[in-house]
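*Asks:* What follows is a structure written as structure tokens; I'll ask about it next.
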Amino acid sequence: MAQQMGNQPLIVLSEESQRTSGKDAQSMNITAGKAVSEAVRTTLGPKGMDKMLVDSSGNVVVTNDGVTLLTEMEIDHPAANMIVEVAETQEDEVGDGTTTAVVVAGELLKRAEELLEQDIHATTLAQGYRQAAERAREELDGFATDVDADDTEILQQIAATAMTGKGAENAKELLSELVVSAVRSVADEDGIDTENVSVEKVVGGSIDESELIEGVIVDKERVSENMPYFAEDANVAIVDGALEVKETEIDAEVSVTDPEQLQQFMDQEEAQLREMVDALVDVGADAVFVDGGIDDMAQHFLAQEGILAVRRVKDSDAKRIARATGAKAVSNVEEITEDDLGFAGSVAQKDIAGDQRIFIEDVEDAKAVTLILRGGTEHVIDEVDRAIEDSLGVVRTTIQDGKVVAGGGSPEVELSLELRDYADSVGGREQLAIEAFADALEIIPRTLAENAGLDPIDSLVELRSAHDGGQVAAGLDAYTGETVDMGEEGVYEPLRVKTQALESATEAAVMLLRIDDVIAAGELKGGSSDDDDDEDMPAGGPGGMGGGMGGMGGMGGGMGGMM
Ligand code: ADP
Ligand code: MG
């Protein structure tokens, strides 16, 4: 068998598959990674710009948020996607620092490219990068400051830092107050789940009319106009079922032969509905939230009893109502007991910017709260909402970890300095990789300066000399261009924003660097190529990327000019 095969080349790949190997594969991946990072770089920091993304059906998103940008771009190059994942991990783990993570990843790749050209092996690079990241983490731990969960001032500063440069900035004082109270309210013995802070976006009014409701808002009206508008000191019931007569199991047709029989049939139904409502009346429910429908007759009875009822309540809303009021959902209303009831100081239907919604509030120790965000237009509120999500994430993280670092590029400059010292002590080829890592970190202060219209070199020189002089928290004031103590400015970020960003950026860069063979089943979106036809190699050149970020083409020609 083996001899026979020796006569012909052995083909193991299908004809459609595309293969790019060696240096070409490496540079294709590096180029893709760098392109992603370039795409978001201009949004970084307080003076970062926004981007407008238009999808193929014309929907528009205006955003400054790294992860939103990258997911909306529908990038489909495999290597580029690994960088997008960096942003996604960052979003899941901390909620902020997505642009930072991607920009650092891109810069690590760029610096690696230079070393690869000098024939430093990818494995050595990977090793050096890992060592540097590990060391950076220790250093960060060393200069992080402890924060007490009760320290409202610093928590609000952290909340505000996450909003800087975003649509929410105009009202950041009010909003950071709201964010901190919101996170504190939902904390319980299991930790903090910011899902319990729901955000209600209301178009109309201005951002600074936003408010925090200690409770839940349901985007529904009471089911019948004959019911009361509000219930004070309300016992709240949640029914995970319907207030309707159960359908008979078998699809039986009831043939009614005389009017008396019809009456009997209807009486029977009415009696069943009456029983359901009576069960609620007996336990003393004042407001009822029902998962399914409510029969007209049941509505009539409920209204007669002065009970406010809402039907087709979303599962997520029901969960929040339960959390806020302490009610337990019952699936069979006839089995409800007083124990299942929750309590709210007020359940009321209110008008908010011309829309009727049910407010369940005045709840003592509400473990579910609602932020009402207001703003002039839908796009404005959407972007404020994204900034609020970041802000909720950093406050949660800070309360969980109790450690923060100053921002404004200060940790990156400090780390860069420390890592250069460390590199000297390591020596060998790894030293070069560690130095490259140190250089790569400076992309953050450099970009902050560039985006603020400052000279990045001047800014860096000043920052370095401040750090040389022992000013660990010296960062860039993006408004004045001066080097200032970021702690004094109140620009703080959770330690985890930085450690997570470095960790995912390093992992992604290392992963891409170690790849020397890309085998794609079918056409690789990075451009079509034939392994032995060097002319239309997509790898490396920016031309390759044009096709590589195929998904970006879908955003419309307008994007090209913005990046
Ligand atoms: P990311 O998605 O990485 O959070 P941002 O656009 O939010 O990107 O920018 C974060 C960067 O901006 C951080 O380095 C942070 O320290 C810096 N920053 C935030 N507020 C200020 C400020 N007032 N002055 C200087 N730098 C700031
Ligand atoms: Mg941010």
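All residue names refer to the structure tokens as shown: chains lettered A, B, ... in order, residues numbered from 1 in each chain, ligands numbered from 1 in order.
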Excluding Thr99 in chain A and residues on its chain fewer than 4 positions from it, collect all residues at most 8 Å away from it, counting only C-alpha atoms, and give them as number ranges by chain.
*Replies:* A: 40-41, 43-44, 65-67, 87, 103
*Asks:* Using only C-alpha atoms and all ligand atoms, determine which residues fall within 6 Å of ligand 1, then list them as a list in words.
*Replies:*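 Selection of residues at most 6 Å from ligand 1: Thr43, Leu44, Gly45, Pro46, Asp65, Gly66, Asp96, Gly97, Thr98, Thr99, Thr100, Thr161, Ala162, Thr164, Gly407, Gly408, Gly409, Leu476, Asp477, Ala478 and Val491 of chain A.
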*Asks:* Grab the residues selected above and save them as a PDB file, in the first residue's frame with C-alpha atoms.
*Replies:*
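Output file result-v5.pdb follows:
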```
ATOM      1  CA  THR A  43     -12.700  55.903  20.467  1.00  0.00           C
ATOM      2  CA  LEU A  44     -10.419  55.453  23.490  1.00  0.00           C
ATOM      3  CA  GLY A  45     -10.577  57.809  26.417  1.00  0.00           C
ATOM      4  CA  PRO A  46     -12.407  60.964  27.413  1.00  0.00           C
ATOM      5  CA  ASP A  65     -18.185  51.388  23.178  1.00  0.00           C
ATOM      6  CA  GLY A  66     -15.495  48.956  22.046  1.00  0.00           C
ATOM      7  CA  ASP A  96     -15.464  48.052  30.942  1.00  0.00           C
ATOM      8  CA  GLY A  97     -12.038  48.330  29.347  1.00  0.00           C
ATOM      9  CA  THR A  98     -13.040  46.661  26.096  1.00  0.00           C
ATOM     10  CA  THR A  99     -11.295  49.195  23.884  1.00  0.00           C
ATOM     11  CA  THR A 100      -8.189  49.074  26.058  1.00  0.00           C
ATOM     12  CA  THR A 161     -14.691  57.394  35.037  1.00  0.00           C
ATOM     13  CA  ALA A 162     -16.430  54.606  33.130  1.00  0.00           C
ATOM     14  CA  THR A 164     -16.201  59.607  30.606  1.00  0.00           C
ATOM     15  CA  GLY A 407      -6.483  55.742  35.267  1.00  0.00           C
ATOM     16  CA  GLY A 408      -5.474  58.152  32.547  1.00  0.00           C
ATOM     17  CA  GLY A 409      -2.668  55.933  31.297  1.00  0.00           C
ATOM     18  CA  LEU A 476      -2.644  62.376  31.314  1.00  0.00           C
ATOM     19  CA  ASP A 477      -5.308  64.983  31.889  1.00  0.00           C
ATOM     20  CA  ALA A 478      -6.937  64.723  28.505  1.00  0.00           C
ATOM     21  CA  VAL A 491     -10.008  59.046  37.856  1.00  0.00           C
TER      22      VAL A 491
END
```
*Asks:* For Met49 in chain A, which of A:Val62, A:Val223, A:Leu415, A:Met511 is the closest residue, counting only C-alpha atoms?
*Replies:*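 So, comparing all the options, the nearest one is A:Val62.
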*Asks:* Using DSSP on the backbone coordinates, identify the residues of range 153-311 of chain A assigned to helix (DSSP H, G or I); present them as a PyMOL selection string.
*Replies:* chain A and resi 153-163+167-186+194-196+207-209+259-283+296-304
*Asks:* Excluding range 182-186 of chain A and any residue of its chain fewer than 2 positions from it, enumerate the residues within 8 Å of it, using only C-alpha atoms, and give them as a PyMOL selection string.
*Replies:* chain A and resi 178-180+188+192-194+196-197+212+365-371+392+395-396
*Asks:* Keeping only C-alpha atoms, write those residues as a PDB file, in the first residue's frame.
*Replies:*
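File produced: selection20.pdb:
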```
ATOM      1  CA  LEU A 178     -27.774  56.500  40.676  1.00  0.00           C
ATOM      2  CA  VAL A 179     -25.457  53.722  39.517  1.00  0.00           C
ATOM      3  CA  VAL A 180     -23.811  53.348  42.913  1.00  0.00           C
ATOM      4  CA  ASP A 188     -27.275  40.267  48.601  1.00  0.00           C
ATOM      5  CA  ILE A 192     -24.116  41.254  43.077  1.00  0.00           C
ATOM      6  CA  ASP A 193     -26.013  40.509  39.918  1.00  0.00           C
ATOM      7  CA  THR A 194     -26.403  43.694  37.925  1.00  0.00           C
ATOM      8  CA  ASN A 196     -31.322  42.990  38.809  1.00  0.00           C
ATOM      9  CA  VAL A 197     -30.803  46.594  37.869  1.00  0.00           C
ATOM     10  CA  LEU A 212     -33.749  55.399  40.206  1.00  0.00           C
ATOM     11  CA  ASP A 365     -34.875  46.746  50.880  1.00  0.00           C
ATOM     12  CA  ALA A 366     -35.832  46.180  47.248  1.00  0.00           C
ATOM     13  CA  LYS A 367     -33.398  43.724  45.729  1.00  0.00           C
ATOM     14  CA  ALA A 368     -34.429  44.709  42.236  1.00  0.00           C
ATOM     15  CA  VAL A 369     -34.310  48.300  41.105  1.00  0.00           C
ATOM     16  CA  THR A 370     -34.988  50.218  37.922  1.00  0.00           C
ATOM     17  CA  LEU A 371     -33.017  53.020  36.400  1.00  0.00           C
ATOM     18  CA  LEU A 392     -22.646  49.262  36.672  1.00  0.00           C
ATOM     19  CA  VAL A 395     -18.948  49.539  40.525  1.00  0.00           C
ATOM     20  CA  ARG A 396     -19.899  45.883  40.939  1.00  0.00           C
TER      21      ARG A 396
END
```
*Asks:* CA of Glu435 in chain A and CA of Arg111 in chain A, how far apart in Å?
*Replies:*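 Taking CA of Arg111 in chain A and CA of Glu435 in chain A, their separation equals 9.5 Å.
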*Asks:* Skipping near chain neighbours, those fewer than 5 positions away, what residues fall within 9 Å of Asp468 in chain A using only C-alpha atoms, listed as a list in words?
*Replies:*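 Final neighbour list, sorted by chain and number: Glu414, Leu417 and Leu463 of chain A.
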*Asks:* Keeping only N, CA, C and O atoms, write the selected residues as a CSV table (one decimal), in the first residue's frame.
*Replies:*
```
chain,number,residue,atom,x,y,z
A,414,GLU,N,3.5,53.2,34.3
A,414,GLU,CA,4.2,52.6,35.5
A,414,GLU,C,4.7,51.2,35.1
A,414,GLU,O,5.8,50.8,35.3
A,417,LEU,N,7.6,51.0,32.7
A,417,LEU,CA,8.8,51.3,33.3
A,417,LEU,C,9.4,50.0,34.1
A,417,LEU,O,10.5,49.7,34.0
A,463,LEU,N,5.2,61.9,31.0
A,463,LEU,CA,4.7,60.9,31.9
A,463,LEU,C,5.8,60.0,32.4
A,463,LEU,O,5.8,59.7,33.6
```
*Asks:* Of the residues A:Gly95, A:Gly376, A:Pro78, A:Gly167, which is the one nearest to ligand 2, using only C-alpha atoms and all ligand atoms?
*Replies:*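 Ranked by minimum distance to ligand 2, first place goes to A:Gly95.
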*Asks:* Tell me, which residues of range 105-347 of chain A carry DSSP strand (DSSP E or B), written as a PyMOL selection string?
*Replies:* chain A and resi 145-146+188+191+197-204+211-213+216-218+230-239+243+287-290+294+308-310+329-330+342-347
*Asks:* Identify which of the residues A:Glu335, A:Asp517, A:Asp362, A:Glu430 lies closest to Glu232 in chain A, counting only C-alpha atoms when measuring atom-to-atom distances.
*Replies:*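 Of the candidates, the smallest distance to Glu232 in chain A is held by A:Asp362.
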*Asks:* Can you tell me which residues surround Arg137 in chain A at a distance of at most 9 Å, considering only C-alpha atoms, apart from same-chain residues fewer than 2 positions away, and format the answer as a PyMOL selection string?
*Replies:* chain A and resi 132-135+139-142+498-499+502-503
*Asks:* Where does range 329-421 of chain A meet range 303-317 of chain A within 9 Å, residue by residue, with the nearest atom pair and distance in Å to one decimal for each, counting only C-alpha atoms, listed by chain and rising number, as a tab-separated table?
*Replies:*
```
residue	atom	partner	partner_atom	distance
A:Val347	CA	A:Leu308	CA	8.5
A:Ala348	CA	A:Leu308	CA	8.7
A:Ile358	CA	A:Val310	CA	8.6
```
*Asks:* The selected residues should be written to file as a PDB file, in the first residue's frame (atoms: N, CA, C and O atoms).
*Replies:*
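And here's selection-v9.pdb as it stands now:
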```pdb
ATOM      1  N   VAL A 347     -48.262  50.325  44.172  1.00  0.00           N
ATOM      2  CA  VAL A 347     -48.303  49.754  42.823  1.00  0.00           C
ATOM      3  C   VAL A 347     -49.209  50.690  42.046  1.00  0.00           C
ATOM      4  O   VAL A 347     -50.365  50.895  42.426  1.00  0.00           O
ATOM      5  N   ALA A 348     -48.680  51.299  41.019  1.00  0.00           N
ATOM      6  CA  ALA A 348     -49.486  52.320  40.362  1.00  0.00           C
ATOM      7  C   ALA A 348     -49.210  52.388  38.877  1.00  0.00           C
ATOM      8  O   ALA A 348     -48.082  52.162  38.431  1.00  0.00           O
ATOM      9  N   ILE A 358     -46.611  50.308  34.635  1.00  0.00           N
ATOM     10  CA  ILE A 358     -46.939  49.981  36.019  1.00  0.00           C
ATOM     11  C   ILE A 358     -45.677  50.084  36.867  1.00  0.00           C
ATOM     12  O   ILE A 358     -44.671  49.429  36.570  1.00  0.00           O
TER      13      ILE A 358
END
```
*Asks:* Restricting the calculation to only C-alpha atoms: of A:Val363, A:Val216, A:Ile388, A:Leu70, which residue gets closest to Ala318 in chain A?
*Replies:*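 With only C-alpha atoms as the atom set, the closest residue is A:Val216.
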